[in-house]
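Chemist: Dumping the structure here so I can ask a few things about it.
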Amino acid sequence: MHSSDLVSSFAEIAREKDINRDTLQLIVEDVIRAMVRTRYGSDEAFEIILNPDHGDIQILHVREVVEDYDLEDPVTQIELKDAVQVEEDFEVEDEVAEEISIEDFGRRAVLTARQTFRQRIRDIEKENIFAEYSDLVGELVVGEIYQIRHREVLMLHNRVELVMPKEEQIPRDRYRKGDMLRAIVKEVRRDAGSNPQVIISRSDPQLMERLFELEVPEIDEGIVEIKHIHREPGDRAKVAVISHDERIDPVGAVVGLKGNRIHAVVRELSNENIDVMEWTDDPYLLIKRALSPSNPISVTINDNLVPPKAKAVVRADEVSQAIGRAGINIRLASRMTGTEIDIYREIPADEEDVEIEEFADEFSEEILQKLKEIGCDSAKAVLQLSLEELIRRSGLEMDVASRILAIIKAEFEDDEELLEEGLEV
């Protein structure tokens, strides 16, 4: 193989991988020097001249002329009798530069050089991918789904494979090969010897933030700021916003005229319900807003606990709204406020009731907590539920739920009997 053929093959590989000319020159020189070191043990006495315009490499072996029989190092020195064979004018201490042909290295050395070159290109590709996508962490990318596996979806973005694991997917999403997909770059992992793995996500709150930046000019311009986003992907999210211009209503800006802005985000996220609220530094007002769509009558906070604990009292017909299906509303509100929130039903002044904690001798702490989590903070609140509804909302076994209702009913029946007998209870 001629040197021009070798350079042409190197250049073709570099073009395929989008490697620039300067980088190509550096790699080619390193590869040729590796060939020289393999053959001669050192590359100090050699000059590599690459002419990419002509597609040619010159390898010059530069040696100092020494007296005959004074040769100590055949790599860096040449005897006078041999030097004059190259050019008869050479004298002792002159430098002789002889060109070495690629063919002189042999076919195996050339094949090794090609393999080394390809490996160097692959290493550069890995570094470029790692650097490029590390800069894109937290940013939105759009690509085409090209493979769907059991635990992950693979997407192509600028010819780079991006991976979305199961835990980064929206449960309601349905993926099809060839579909375009929006996601954010979550992280870039690099394991020794393997390609960098770019992890993308559709469940991360930053995806929602990037989508709102696209849909809401006031957010993109910094007039309205997203303070916090808390999501249960594909189900519900709460977004707290604040305006840096008193003339701009932050909630109205995010929702848009007739909800057009927020609907665009909702559709992109598989119809995830999004509650938008105005951020406040007042912890009491923040909890009230976070519990929307319910409207708490009062909120009390115990700051002595870590995290702080809050008691929110709501009307009886708003208990289920405050808690949300499977407790999602109260969970998101607790995350948004950094406070553990308990929901209590408003008890009318003329209604006799007993707090659920009064049954601590009958029920375990776990059962009491489950009842409070579904808004049953009092005995009457439990009795308002049918057996089926209590099982469905609390997740308790039928025999446990039946026992709870029986004990609480008995408590009130005992009180009524005592009242009929005129005794104080």
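Going through the structure tokens in order, the chains are called A, B, and so on, while each chain numbers its residues from 1 and the ligands are numbered from 1 in the order shown.
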Give me the residues within 12 Å of Glu87 in chain A as a PyMOL selection string, counting only C-alpha atoms and dropping any in the same chain fewer than 5 places off.
Modeler: chain A and resi 65+80-82+94-98
Chemist: Could I get the residues of range 229-269 of chain A with an atom no further than 12 Å from an atom of range 319-326 of chain A, each paired with its nearest atom pair and that distance in Å to one decimal, using only C-alpha atoms, sorted by chain and residue number, as JSON lines?
Modeler:
```
{"residue": "A:Glu232", "atom": "CA", "partner": "A:Ala326", "partner_atom": "CA", "distance": 11.7}
{"residue": "A:Asp235", "atom": "CA", "partner": "A:Arg325", "partner_atom": "CA", "distance": 9.9}
{"residue": "A:Arg236", "atom": "CA", "partner": "A:Gly324", "partner_atom": "CA", "distance": 9.9}
{"residue": "A:Ala237", "atom": "CA", "partner": "A:Gly324", "partner_atom": "CA", "distance": 12.0}
```
Chemist: Calculated over only C-alpha atoms, which of the candidates A:Gln384, A:Arg315, A:Glu132, A:Ile408 has the smallest distance to Ile356 in chain A?
Modeler: A:Ile408
Chemist: Quick one: everything within 9 Å of range 34-50 of chain A, counting only C-alpha atoms, minus sequence neighbours fewer than 5 positions away in the same chain. Send it as a list in words.
Modeler: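 Surrounding residues, per the criterion: Val7, Gln25, Val28, Glu29, Gly55, Asp56, Ile57, Gln58, Ile59, Leu60, His61, Val62, Arg63, Val75, Thr76, Ala97, Phe105, Ala109, Val110, Thr112 and Ala113 of chain A.
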Chemist: Among range 75-145 of chain A, which residues does DSSP mark as strand (DSSP E or B) when it is run on the backbone? Keep the chain and numbering as in the structure and answer as a ChimeraX atom specification.
Modeler: /A:77-79,95-100,137,140-145
Chemist: Hey, which bits of range 115-141 of chain A sit within 10 Å of range 151-173 of chain A, and for each residue what's the closest pair of atoms and how far apart in Å (one decimal), counting only C-alpha atoms, rows by chain and increasing number, as CSV?
Modeler:
```
residue,atom,partner,partner_atom,distance
A:Ile129,CA,A:Val160,CA,7.9
A:Tyr133,CA,A:Leu162,CA,9.9
A:Val141,CA,A:His157,CA,7.5
```
Chemist: Contacts of range 397-404 of chain A at 9 Å or less, counting only C-alpha atoms, minus same-chain residues fewer than 4 places along, as a short mmCIF file (atom, residue, chain, number, x, y, z; two decimals) with N, CA and C atoms, in the first residue's frame?
Modeler:
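Wrote selection06.cif, looks like this:
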```
data_model
loop_
_atom_site.label_atom_id
_atom_site.label_comp_id
_atom_site.auth_asym_id
_atom_site.auth_seq_id
_atom_site.Cartn_x
_atom_site.Cartn_y
_atom_site.Cartn_z
N GLU A 362 -57.88 0.71 70.75
CA GLU A 362 -58.53 -0.29 69.90
C GLU A 362 -57.79 -0.53 68.59
N PHE A 363 -57.23 0.56 68.04
CA PHE A 363 -56.59 0.47 66.72
C PHE A 363 -55.10 0.72 66.81
N VAL A 382 -65.39 8.63 59.77
CA VAL A 382 -65.30 7.23 59.36
C VAL A 382 -66.69 6.67 59.09
N LEU A 387 -68.73 0.49 53.96
CA LEU A 387 -67.65 -0.49 54.09
C LEU A 387 -66.83 -0.55 52.81
N GLU A 388 -67.51 -0.56 51.66
CA GLU A 388 -66.80 -0.65 50.37
C GLU A 388 -65.91 0.57 50.14
N LEU A 390 -64.64 2.60 52.43
CA LEU A 390 -63.53 2.59 53.39
C LEU A 390 -62.42 1.65 52.90
N ILE A 391 -62.79 0.49 52.39
CA ILE A 391 -61.80 -0.46 51.86
C ILE A 391 -61.06 0.14 50.66
N ILE A 408 -66.48 1.71 66.11
CA ILE A 408 -66.87 3.12 66.18
C ILE A 408 -68.39 3.24 66.34
N LYS A 409 -69.15 2.39 65.62
CA LYS A 409 -70.61 2.42 65.78
C LYS A 409 -70.99 2.09 67.21
#
```
Chemist: Please identify the helix (DSSP H, G or I) residues within range 143-248 of chain A (assignment by DSSP from backbone atoms) and present them as a PyMOL selection string.
Modeler: chain A and resi 166-168+205-215+217-220
Chemist: So that I can see what lies close to range 179-186 of chain A, please list as a list in words the residues with an atom at most 6 Å from it, counting only C-alpha atoms and leaving out residues fewer than 2 positions away in the same chain.
Modeler: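 Surrounding residues, per the criterion: Val137, Gly138, Glu139, Leu140, Val141, Val142, Gly143, Glu144, Ile145, Arg176, Lys177, Ile199, Ile200, Ser201, Arg202 and Leu207 of chain A.
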